[in-house]
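Asker: Below: one structure in C-alpha cells.
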Amino acid sequence: MANNDDNLLKKIVAHAKEYGFVFPSSEIYDGLSAAYDYGQNGVQLKNNLKEYWWKAMVQMNEEIVGIDASIFMHPTTWKASGHVDAFNDPLIDNKDSKKRYRADVLIEDYIAKIEGKINKEVAKATKRFGDDFDKDQFIATNPNVLRNKEKIVSINERMKKGLESGDLESIRQLIIDLEIADPISGSKNWTEVRQFNLMFSTEMGSVADGANTIYLRPETAQGIFVNYLNVQKTGRMRIPFGIAQIGKAFRNEIIARQFIFRMREFEQMEMQFFVKPGEEMEWYNKWKNTRINWHKALGLGEENYRFHDHLNLAHYANAACDIEFNFPMGFKELEGIHSRTDFDLKAHEEHSGKKLQFFDPVENKNYVPYVVETSIGLDRLFLAVLSSAYTEEKLEDGSERVVLRIPAALAPNKVAILPLTKKDGLPEKAREIIDELKYDFTCFYEEKDAIGKRYRRQDAIGTPYCVTVDHQTLEDNTVTIRDRDNMLQERISISDLGTIIGQKVDIKHLLKQLN
Ligand code: ATP
C-alpha cells in the first residue's frame with residue numbers, strides 16, 4: 001500500500017459503495033457532507049470489529065466492565081470537562097473563495113510542503129552519490145536542508161505560542177507572512193481567525209417549558225467518568241479497574257474529509273482505566289503495549305503501525321501518544337492513549353459537589369483515582385481494514401480480480417452457499433446446508449449467474465469460503481469448498497463443513513494471539 005495514494009482512496013470509496021459497505025448519507029438528496037451510512041456488508045464488518053474489541057477488552061479482562069451511557073448528558077458535564085470553554089479549533093475564511101479552513105491545518109500543510117522539499121533534496125543526493133551517500137551527514141550539513149529545517153522550527157514555535165496564548169491575530173499574521181494562499185482559488189485575501197467550538201448543541205424540552213441547551217457528546221469518555229462511582233460501587237470494583245464503552249460521538253469538524261476518516265458523526269470505542277495515583281506511568285506503558293498487540297494480531301502488516309508520542313501535552317495529561325496507521329493518505333491517528341491524571345474526576349467532583357473517590361483498604365484512605373484511557377475510532381479502524389484488505393490481482397489466466405483480504409473472523413459473510421444450477425433439487429440441498437450452518441456463521445445464498453461470476457462477487461466482499469453444491473452432492477453428500485485467498489478448491493463431506501469453516505473464521509483465533 002503506497003502513501004498518499006489518492007487513487008487508492010478513490011477506488012476504496014467506489015468499491016465500498018458498489019459492494020454495500022458504505023453509502024453517502026441521504027444520497028437521494030445528494031448526500032450530507034461528512035456523514036455516511038454503513039450498508040449490508042459494512043454493518044457486519046463494523047459489528048465484527050466491535051466484537052473483537054469488546055471481547056478483548058471486557059470478556060477477557062476480569063477487571064474491565066462495560067457500560068452504555070446516553071448520548072445526551074447534563075450540560076454541566078461539558079463545563080466540567082472543559083469542552084464548553086476549550087474544545088475549539090481556530091478557523092479562517094477566504095474572502096474571495098468563501099471557503100473555510102482550519103488555520104492550524106493551513107500552516108501544517110505549509111510545513112508539510114517544506115518537508116517535501118527536504119525529502120526531494122535528500123532523494124536527489126541519494127541518486128547522485130549512490131552507495132557512498134551518508135544520509136544523516138547530508139541532512140546535518142546541507143545548507144538548503146538546514147535552512148528549511150530552521151524555517152520549520154520557527155513556524156512551529158510561532159504557531160504554538162499563538163495557539164497556546166489564544167493570540168489569534170498572531171496566527172493570522174503567520175499565515176500572511178508565509179504568503180499562504182487558498183489551496184483552491186490561490187487567493188490570499190483572509191478574514192481574521194476565530195475560535196470555533198466543535199460541539200453540536202440542541203434544545204431539550206419544549207421552548208415553552210424553558211428550554212435547556214444541551215450538547216451531543218463529543219466523546220464517550222465523560223459518560224464513563226460520571227458513572228465511575230455507580231460502577232465501582234455496584235460492581236464492587238477495586239482499583240485498578242476499567243470501564244469500556246462503544247458509542248457515537250459528534251464533532252462539528254470545520255473540514256471533514258477523507259471519507260470515513262473524519263466525520264461529524266462517528267463511533268468511538270473507549271476504555272478508561274482507573275489506577276492508584278503514582279502508578280499511572282506503569283499502566284500507560286502497559287496499555288500502549290496491549291493496544292499495539294491487539295492491532296498487530298489483525299495481520300494488516302506490522303509495518304503499517306507506528307507510535308507518535310505527543311510532545312505538546314494537554315494541560316490535564318502527563319503522557320499521551322497516538323497509534324498511527326498507514327492509511328492511503330499516509331500515516332494518521334487511529335487510536336489515542338492518554339494518561340489523564342485525576343483531571344476529569346476532580347473536575348466532576350467540583351462541579352457536582354459529589355465525592356468521586358476510592359477507599360483503598362490497604363492504605364486505609366480515600367483518593368481520586370488517576371485515569372489511563374485508550375480511545376479508538378471505529379470508523380477509522382474500518383477504513384484501516386478496508387484499505388489494507390483491498391487487493392487487485394492479475395491471475396495466471398490473464399484475467400483480473402478484486403479481492404478483499406479481510407481477516408476471516410471479521411468478514412461480513414463467512415461462507416457463501418452456491419447451488420451450481422437453479423434446478424434438479426440443488427437449491428433445496430443448498431438451503432439444507434445453510435439451515436445447519438446459520439447458527440454459527442453468517443451465510444450467503446446465491447443461485448443467479450455463472451459460478452465464476454458468483455465467486456468474483458464473494459471475493460469482492462471478502463467472503464473466506466464459497467461452497468458449491470452440484471449434482472454429485474445429491475449422490476454422496478460432498479461439496480466443493482473454495483478458499484478466497486488462494487482460490488483452491490477441495491471436495492469435502494458436508495458433515496466436515498462446520499469444523500473447516502470454524503477453524504478459519506472463529507474470532508477466538510484472533511483473541512488467542514493476545515494472551
Ligand atoms: P484528530 O487529531 O484526528 O482530530 P483527535 O486527537 O481529536 O483526532 P481524540 O479526541 O483523541 O481524537 O479521539 C479518539 C479517537 O476518535 C481518534 O483516535 C479517532 O480514531 C477518532 N476520531 C476523532 N475524531 C474523529 C472524526 N471526526 N471522525 C472519525 N473518527 C474520529
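Naming scheme: A, B, ... for chains in displayed order of the C-alpha cells; residues 1 onward per chain; ligands 1 onward as shown.
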With DSSP run on the backbone, what are the alpha helix (DSSP H) residues within range 35-102 of chain A? I'd like them as a list in words.
Answerer: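 Result set for range 35-102 of chain A (alpha helix (DSSP H)): Gln40, Asn41, Gly42, Val43, Gln44, Leu45, Lys46, Asn47, Asn48, Leu49, Lys50, Glu51, Tyr52, Trp53, Trp54, Thr76, Thr77, Trp78, Lys79, Ala80, His83, Val84, Asp85 and Ala86 of chain A.
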Asker: I need the chosen residues saved as a compact mmCIF listing (two decimals), in the first residue's frame, with N, CA, C and O atoms.
Answerer:
# COMPACT_ATOMS: atom_id res chain seq x y z
N GLN A 40 -25.25 -3.16 3.97
CA GLN A 40 -25.47 -4.53 4.45
C GLN A 40 -24.17 -5.26 4.77
O GLN A 40 -24.12 -6.05 5.72
N ASN A 41 -23.12 -5.01 4.03
CA ASN A 41 -21.85 -5.66 4.36
C ASN A 41 -21.04 -4.83 5.36
O ASN A 41 -20.37 -5.38 6.23
N GLY A 42 -21.14 -3.52 5.23
CA GLY A 42 -20.41 -2.63 6.14
C GLY A 42 -20.82 -2.86 7.59
O GLY A 42 -19.97 -2.93 8.49
N VAL A 43 -22.11 -3.01 7.82
CA VAL A 43 -22.57 -3.13 9.21
C VAL A 43 -22.05 -4.43 9.83
O VAL A 43 -21.73 -4.48 11.02
N GLN A 44 -21.93 -5.48 9.00
CA GLN A 44 -21.41 -6.75 9.53
C GLN A 44 -19.94 -6.62 9.91
O GLN A 44 -19.51 -7.07 10.97
N LEU A 45 -19.18 -5.97 9.03
CA LEU A 45 -17.75 -5.77 9.32
C LEU A 45 -17.60 -4.92 10.59
O LEU A 45 -16.79 -5.21 11.47
N LYS A 46 -18.43 -3.88 10.66
CA LYS A 46 -18.36 -2.99 11.82
C LYS A 46 -18.71 -3.75 13.10
O LYS A 46 -18.03 -3.63 14.12
N ASN A 47 -19.76 -4.55 13.05
CA ASN A 47 -20.14 -5.32 14.24
C ASN A 47 -19.04 -6.30 14.65
O ASN A 47 -18.79 -6.51 15.83
N ASN A 48 -18.38 -6.89 13.64
CA ASN A 48 -17.31 -7.83 13.97
C ASN A 48 -16.12 -7.12 14.60
O ASN A 48 -15.45 -7.66 15.49
N LEU A 49 -15.85 -5.89 14.14
CA LEU A 49 -14.76 -5.10 14.75
C LEU A 49 -15.10 -4.77 16.20
O LEU A 49 -14.25 -4.83 17.09
N LYS A 50 -16.36 -4.42 16.42
CA LYS A 50 -16.79 -4.13 17.80
C LYS A 50 -16.63 -5.37 18.66
O LYS A 50 -16.20 -5.29 19.81
N GLU A 51 -17.00 -6.52 18.10
CA GLU A 51 -16.92 -7.77 18.88
C GLU A 51 -15.46 -8.06 19.25
O GLU A 51 -15.17 -8.45 20.39
N TYR A 52 -14.58 -7.85 18.29
CA TYR A 52 -13.16 -8.12 18.54
C TYR A 52 -12.64 -7.21 19.67
O TYR A 52 -11.93 -7.62 20.57
N TRP A 53 -13.06 -5.96 19.62
CA TRP A 53 -12.62 -5.00 20.65
C TRP A 53 -13.24 -5.34 22.00
O TRP A 53 -12.58 -5.42 23.03
N TRP A 54 -14.57 -5.57 21.99
CA TRP A 54 -15.30 -5.79 23.25
C TRP A 54 -14.83 -7.05 23.95
O TRP A 54 -14.63 -7.08 25.17
N THR A 76 -23.81 20.52 32.46
CA THR A 76 -22.65 20.86 33.31
C THR A 76 -21.48 19.90 33.08
O THR A 76 -20.32 20.24 33.31
N THR A 77 -21.80 18.69 32.60
CA THR A 77 -20.74 17.72 32.28
C THR A 77 -19.69 18.38 31.39
O THR A 77 -18.48 18.21 31.60
N TRP A 78 -20.17 19.14 30.42
CA TRP A 78 -19.25 19.67 29.40
C TRP A 78 -18.56 20.95 29.86
O TRP A 78 -17.57 21.36 29.27
N LYS A 79 -19.14 21.54 30.88
CA LYS A 79 -18.47 22.67 31.54
C LYS A 79 -17.28 22.08 32.34
O LYS A 79 -16.15 22.54 32.22
N ALA A 80 -17.60 21.02 33.11
CA ALA A 80 -16.56 20.41 33.95
C ALA A 80 -15.42 19.83 33.11
O ALA A 80 -14.25 19.97 33.46
N HIS A 83 -14.95 21.16 27.78
CA HIS A 83 -15.33 21.24 26.36
C HIS A 83 -16.06 22.54 26.00
O HIS A 83 -15.94 23.03 24.90
N VAL A 84 -16.84 23.09 26.94
CA VAL A 84 -17.57 24.33 26.61
C VAL A 84 -16.57 25.47 26.37
O VAL A 84 -16.70 26.23 25.42
N ASP A 85 -15.55 25.53 27.21
CA ASP A 85 -14.60 26.65 27.10
C ASP A 85 -13.47 26.39 26.13
O ASP A 85 -12.92 27.32 25.55
N ALA A 86 -13.10 25.12 25.95
CA ALA A 86 -11.83 24.93 25.25
C ALA A 86 -11.84 23.90 24.12
O ALA A 86 -10.78 23.62 23.56
Asker: Per residue of chain A within 6 Å of ligand 1, note the shortest atom pair and the distance in Å to one decimal, counting only C-alpha atoms and all ligand atoms, and order the rows by chain and increasing residue number, as a Markdown table.
Answerer:
| residue | atom | partner | partner_atom_place_in_ligand_line | distance |
| --- | --- | --- | --- | --- |
| A:Phe261 | CA | ligand 1 | 29 (C) | 5.0 |
| A:Arg262 | CA | ligand 1 | 28 (N) | 3.4 |
| A:Met263 | CA | ligand 1 | 28 (N) | 4.0 |
| A:Arg264 | CA | ligand 1 | 27 (N) | 5.4 |
| A:Phe266 | CA | ligand 1 | 29 (C) | 5.1 |
| A:Gln268 | CA | ligand 1 | 16 (O) | 5.6 |
| A:Glu333 | CA | ligand 1 | 18 (O) | 5.4 |
| A:Leu334 | CA | ligand 1 | 20 (O) | 4.3 |
| A:Glu335 | CA | ligand 1 | 18 (O) | 3.7 |
| A:Gly336 | CA | ligand 1 | 18 (O) | 4.8 |
| A:Ser375 | CA | ligand 1 | 14 (C) | 4.8 |
| A:Ile376 | CA | ligand 1 | 15 (C) | 4.5 |
| A:Gly377 | CA | ligand 1 | 20 (O) | 3.2 |
| A:Asp379 | CA | ligand 1 | 29 (C) | 5.9 |
| A:Arg380 | CA | ligand 1 | 20 (O) | 5.5 |
Asker: Which value, in Å to one decimal, gives the distance between CA of Leu488 in chain A and CA of Tyr19 in chain A?
Answerer: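 Calculated distance between CA of Leu488 in chain A and CA of Tyr19 in chain A is 23.6 Å.
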Asker: With DSSP run on the backbone, what are the strand (DSSP E or B) residues within range 240-485 of chain A? I'd like them as a ChimeraX atom specification.
Answerer: /A:241-250,265-275,305-309,319-327,330-341,358-360,365-367,370-377,390-394,400-404,415-419,443-445,465-469,478-483
Asker: With only C-alpha atoms as the counted atoms, please give the residues lying no more than 12 Å from Tyr284 in chain A, apart from itself and same-chain residues fewer than 3 positions off, as a ChimeraX atom specification.
Answerer: /A:272-275,278-281,287-291,317-321,336-341,370-374
Asker: Mind writing the picked residues with N, CA, C and O atoms as a JSON list (two decimals), in the first residue's frame?
Answerer:
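What follows is the written file out_30.json:
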[["chain", "number", "residue", "atom", "x", "y", "z"],
["A", 272, "GLN", "N", -11.62, 3.58, 29.96],
["A", 272, "GLN", "CA", -10.95, 4.38, 30.98],
["A", 272, "GLN", "C", -10.52, 3.44, 32.09],
["A", 272, "GLN", "O", -11.37, 2.71, 32.65],
["A", 273, "PHE", "N", -9.24, 3.46, 32.39],
["A", 273, "PHE", "CA", -8.68, 2.55, 33.39],
["A", 273, "PHE", "C", -8.29, 3.35, 34.62],
["A", 273, "PHE", "O", -7.48, 4.28, 34.53],
["A", 274, "PHE", "N", -8.91, 3.04, 35.76],
["A", 274, "PHE", "CA", -8.71, 3.83, 36.99],
["A", 274, "PHE", "C", -7.61, 3.19, 37.82],
["A", 274, "PHE", "O", -7.68, 2.00, 38.13],
["A", 275, "VAL", "N", -6.60, 3.98, 38.13],
["A", 275, "VAL", "CA", -5.43, 3.43, 38.82],
["A", 275, "VAL", "C", -5.07, 4.29, 40.04],
["A", 275, "VAL", "O", -5.55, 5.41, 40.20],
["A", 278, "GLY", "N", 0.27, 7.71, 40.96],
["A", 278, "GLY", "CA", 1.68, 7.32, 41.07],
["A", 278, "GLY", "C", 1.97, 6.06, 40.26],
["A", 278, "GLY", "O", 3.10, 5.81, 39.88],
["A", 279, "GLU", "N", 0.90, 5.29, 39.95],
["A", 279, "GLU", "CA", 1.11, 4.05, 39.18],
["A", 279, "GLU", "C", 0.72, 4.24, 37.72],
["A", 279, "GLU", "O", 0.71, 3.29, 36.94],
["A", 280, "GLU", "N", 0.37, 5.50, 37.36],
["A", 280, "GLU", "CA", -0.20, 5.70, 36.03],
["A", 280, "GLU", "C", 0.79, 5.44, 34.89],
["A", 280, "GLU", "O", 0.39, 4.95, 33.83],
["A", 281, "MET", "N", 2.08, 5.74, 35.11],
["A", 281, "MET", "CA", 3.02, 5.55, 34.00],
["A", 281, "MET", "C", 3.21, 4.08, 33.67],
["A", 281, "MET", "O", 3.33, 3.70, 32.52],
["A", 287, "TRP", "N", -0.67, -0.35, 28.70],
["A", 287, "TRP", "CA", -1.76, -0.23, 27.73],
["A", 287, "TRP", "C", -1.25, 0.08, 26.32],
["A", 287, "TRP", "O", -1.83, -0.37, 25.33],
["A", 288, "LYS", "N", -0.17, 0.81, 26.22],
["A", 288, "LYS", "CA", 0.44, 1.05, 24.90],
["A", 288, "LYS", "C", 0.78, -0.29, 24.27],
["A", 288, "LYS", "O", 0.47, -0.55, 23.10],
["A", 289, "ASN", "N", 1.38, -1.13, 25.07],
["A", 289, "ASN", "CA", 1.82, -2.43, 24.61],
["A", 289, "ASN", "C", 0.63, -3.33, 24.25],
["A", 289, "ASN", "O", 0.59, -3.97, 23.18],
["A", 290, "THR", "N", -0.37, -3.35, 25.15],
["A", 290, "THR", "CA", -1.55, -4.20, 24.91],
["A", 290, "THR", "C", -2.27, -3.78, 23.63],
["A", 290, "THR", "O", -2.68, -4.61, 22.83],
["A", 291, "ARG", "N", -2.39, -2.47, 23.46],
["A", 291, "ARG", "CA", -3.16, -2.00, 22.31],
["A", 291, "ARG", "C", -2.43, -2.23, 20.98],
["A", 291, "ARG", "O", -3.06, -2.60, 19.99],
["A", 317, "ALA", "N", -2.96, 16.17, 30.91],
["A", 317, "ALA", "CA", -2.33, 14.88, 30.64],
["A", 317, "ALA", "C", -0.88, 14.90, 31.10],
["A", 317, "ALA", "O", -0.21, 15.93, 31.04],
["A", 318, "ASN", "N", -0.37, 13.75, 31.57],
["A", 318, "ASN", "CA", 1.06, 13.71, 31.85],
["A", 318, "ASN", "C", 1.80, 12.76, 30.91],
["A", 318, "ASN", "O", 3.01, 12.61, 31.01],
["A", 319, "ALA", "N", 1.07, 12.14, 30.00],
["A", 319, "ALA", "CA", 1.70, 11.39, 28.90],
["A", 319, "ALA", "C", 0.61, 11.09, 27.89],
["A", 319, "ALA", "O", -0.56, 10.89, 28.27],
["A", 320, "ALA", "N", 0.95, 11.09, 26.61],
["A", 320, "ALA", "CA", -0.05, 10.80, 25.58],
["A", 320, "ALA", "C", 0.65, 10.39, 24.30],
["A", 320, "ALA", "O", 1.73, 10.89, 23.99],
["A", 321, "CYS", "N", 0.02, 9.47, 23.59],
["A", 321, "CYS", "CA", 0.55, 9.10, 22.27],
["A", 321, "CYS", "C", -0.59, 8.65, 21.37],
["A", 321, "CYS", "O", -1.70, 8.40, 21.84],
["A", 336, "GLY", "N", -5.86, 6.85, 20.26],
["A", 336, "GLY", "CA", -5.10, 7.67, 21.21],
["A", 336, "GLY", "C", -4.99, 6.96, 22.54],
["A", 336, "GLY", "O", -5.93, 6.29, 22.98],
["A", 337, "ILE", "N", -3.83, 7.06, 23.18],
["A", 337, "ILE", "CA", -3.65, 6.51, 24.53],
["A", 337, "ILE", "C", -3.18, 7.66, 25.41],
["A", 337, "ILE", "O", -2.18, 8.31, 25.09],
["A", 338, "HIS", "N", -3.96, 7.95, 26.44],
["A", 338, "HIS", "CA", -3.68, 9.15, 27.23],
["A", 338, "HIS", "C", -3.66, 8.86, 28.72],
["A", 338, "HIS", "O", -4.51, 8.13, 29.21],
["A", 339, "SER", "N", -2.69, 9.44, 29.39],
["A", 339, "SER", "CA", -2.68, 9.39, 30.85],
["A", 339, "SER", "C", -3.27, 10.72, 31.31],
["A", 339, "SER", "O", -2.65, 11.76, 31.18],
["A", 340, "ARG", "N", -4.51, 10.68, 31.81],
["A", 340, "ARG", "CA", -5.27, 11.92, 32.04],
["A", 340, "ARG", "C", -5.24, 12.39, 33.47],
["A", 340, "ARG", "O", -6.03, 13.28, 33.84],
["A", 341, "THR", "N", -4.40, 11.81, 34.29],
["A", 341, "THR", "CA", -4.31, 12.15, 35.72],
["A", 341, "THR", "C", -5.70, 12.06, 36.38],
["A", 341, "THR", "O", -6.54, 11.27, 35.95],
["A", 370, "TYR", "N", -6.38, 8.03, 39.35],
["A", 370, "TYR", "CA", -5.86, 8.55, 38.09],
["A", 370, "TYR", "C", -6.42, 7.69, 36.96],
["A", 370, "TYR", "O", -6.86, 6.56, 37.20],
["A", 371, "VAL", "N", -6.39, 8.24, 35.74],
["A", 371, "VAL", "CA", -7.00, 7.52, 34.62],
["A", 371, "VAL", "C", -6.04, 7.40, 33.44],
["A", 371, "VAL", "O", -5.39, 8.37, 33.05],
["A", 372, "VAL", "N", -5.95, 6.17, 32.93],
["A", 372, "VAL", "CA", -5.26, 5.96, 31.65],
["A", 372, "VAL", "C", -6.33, 5.51, 30.67],
["A", 372, "VAL", "O", -7.08, 4.58, 30.96],
["A", 373, "GLU", "N", -6.45, 6.20, 29.53],
["A", 373, "GLU", "CA", -7.52, 5.84, 28.60],
["A", 373, "GLU", "C", -6.97, 5.38, 27.26],
["A", 373, "GLU", "O", -5.90, 5.80, 26.83],
["A", 374, "THR", "N", -7.72, 4.47, 26.65],
["A", 374, "THR", "CA", -7.43, 4.10, 25.26],
["A", 374, "THR", "C", -8.68, 4.46, 24.47],
["A", 374, "THR", "O", -9.79, 4.14, 24.88]]
Asker: Would you mind listing what lies within 10 Å of Glu436 in chain A as a VMD selection string, with only C-alpha atoms counted and same-chain residues fewer than 2 positions away left out?
Answerer: chain A and resid 431 to 434 438 to 441 494 to 495 497 to 498
Asker: Any chance you could export the current selection's N, CA, C and O atoms as an mmCIF file, in the first residue's frame?
Answerer:
data_model
loop_
_atom_site.group_PDB
_atom_site.id
_atom_site.type_symbol
_atom_site.label_atom_id
_atom_site.label_comp_id
_atom_site.auth_asym_id
_atom_site.auth_seq_id
_atom_site.Cartn_x
_atom_site.Cartn_y
_atom_site.Cartn_z
ATOM 1 N N ARG A 431 -30.007 -24.972 0.622
ATOM 2 C CA ARG A 431 -30.703 -24.380 1.778
ATOM 3 C C ARG A 431 -30.640 -25.287 3.002
ATOM 4 O O ARG A 431 -30.580 -24.806 4.135
ATOM 5 N N GLU A 432 -30.645 -26.580 2.736
ATOM 6 C CA GLU A 432 -30.481 -27.519 3.860
ATOM 7 C C GLU A 432 -29.138 -27.272 4.571
ATOM 8 O O GLU A 432 -29.060 -27.285 5.800
ATOM 9 N N ILE A 433 -28.100 -27.055 3.764
ATOM 10 C CA ILE A 433 -26.760 -26.817 4.345
ATOM 11 C C ILE A 433 -26.774 -25.520 5.154
ATOM 12 O O ILE A 433 -26.255 -25.448 6.276
ATOM 13 N N ILE A 434 -27.387 -24.479 4.573
ATOM 14 C CA ILE A 434 -27.455 -23.187 5.298
ATOM 15 C C ILE A 434 -28.177 -23.374 6.632
ATOM 16 O O ILE A 434 -27.760 -22.842 7.668
ATOM 17 N N LYS A 438 -26.217 -21.872 9.738
ATOM 18 C CA LYS A 438 -26.562 -20.478 10.057
ATOM 19 C C LYS A 438 -26.505 -20.141 11.545
ATOM 20 O O LYS A 438 -26.469 -18.977 11.916
ATOM 21 N N TYR A 439 -26.501 -21.147 12.393
ATOM 22 C CA TYR A 439 -26.430 -20.851 13.839
ATOM 23 C C TYR A 439 -25.028 -20.392 14.240
ATOM 24 O O TYR A 439 -24.846 -19.683 15.213
ATOM 25 N N ASP A 440 -24.045 -20.822 13.476
ATOM 26 C CA ASP A 440 -22.655 -20.486 13.824
ATOM 27 C C ASP A 440 -22.037 -19.429 12.926
ATOM 28 O O ASP A 440 -21.121 -18.732 13.336
ATOM 29 N N PHE A 441 -22.499 -19.365 11.677
ATOM 30 C CA PHE A 441 -21.816 -18.485 10.717
ATOM 31 C C PHE A 441 -22.825 -17.648 9.942
ATOM 32 O O PHE A 441 -23.928 -18.119 9.657
ATOM 33 N N ILE A 494 -20.112 -32.831 3.556
ATOM 34 C CA ILE A 494 -20.925 -31.764 4.164
ATOM 35 C C ILE A 494 -20.760 -31.777 5.686
ATOM 36 O O ILE A 494 -20.702 -30.724 6.324
ATOM 37 N N SER A 495 -20.612 -32.967 6.233
ATOM 38 C CA SER A 495 -20.534 -33.051 7.702
ATOM 39 C C SER A 495 -19.255 -32.411 8.250
ATOM 40 O O SER A 495 -19.175 -32.119 9.440
ATOM 41 N N LEU A 497 -18.048 -29.527 7.037
ATOM 42 C CA LEU A 497 -18.058 -28.085 6.704
ATOM 43 C C LEU A 497 -17.902 -27.196 7.943
ATOM 44 O O LEU A 497 -17.063 -26.295 7.970
ATOM 45 N N GLY A 498 -18.719 -27.480 8.955
ATOM 46 C CA GLY A 498 -18.725 -26.625 10.150
ATOM 47 C C GLY A 498 -17.338 -26.531 10.777
ATOM 48 O O GLY A 498 -16.866 -25.434 11.118
#
Asker: In Å, with one decimal, what is the gap from CA of Asp449 in chain A to CA of Ile461 in chain A?
Answerer: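 Taking CA of Asp449 in chain A as the start and CA of Ile461 in chain A as the end point, the length is 16.8 Å.
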Asker: Give me the residues within 6 Å of range 381-393 of chain A as a VMD selection string, counting only C-alpha atoms and dropping any in the same chain fewer than 2 places off.
Answerer: chain A and resid 378 to 379 400 to 406
Asker: Which distance in Å separates CA of Asn413 in chain A and CA of Glu446 in chain A, to one decimal?
Answerer: 12.5 Å
Asker: Compile the contact shell of range 367-369 of chain A as a list in words: residues with an atom at most 7 Å away, counting only C-alpha atoms, same-chain residues fewer than 2 positions apart removed.
Answerer: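 Everything that qualifies: Phe274, Val275, Lys276, Pro277, Asp342, Leu345, Leu356, Gln357, Phe358, Phe359, Lys365 and Val371 of chain A.
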Asker: Could you pull the residues within 6 Å of Ala103 in chain A, counting only C-alpha atoms, minus those fewer than 5 positions along the same chain, as a ChimeraX atom specification?
Answerer: /A:90-92
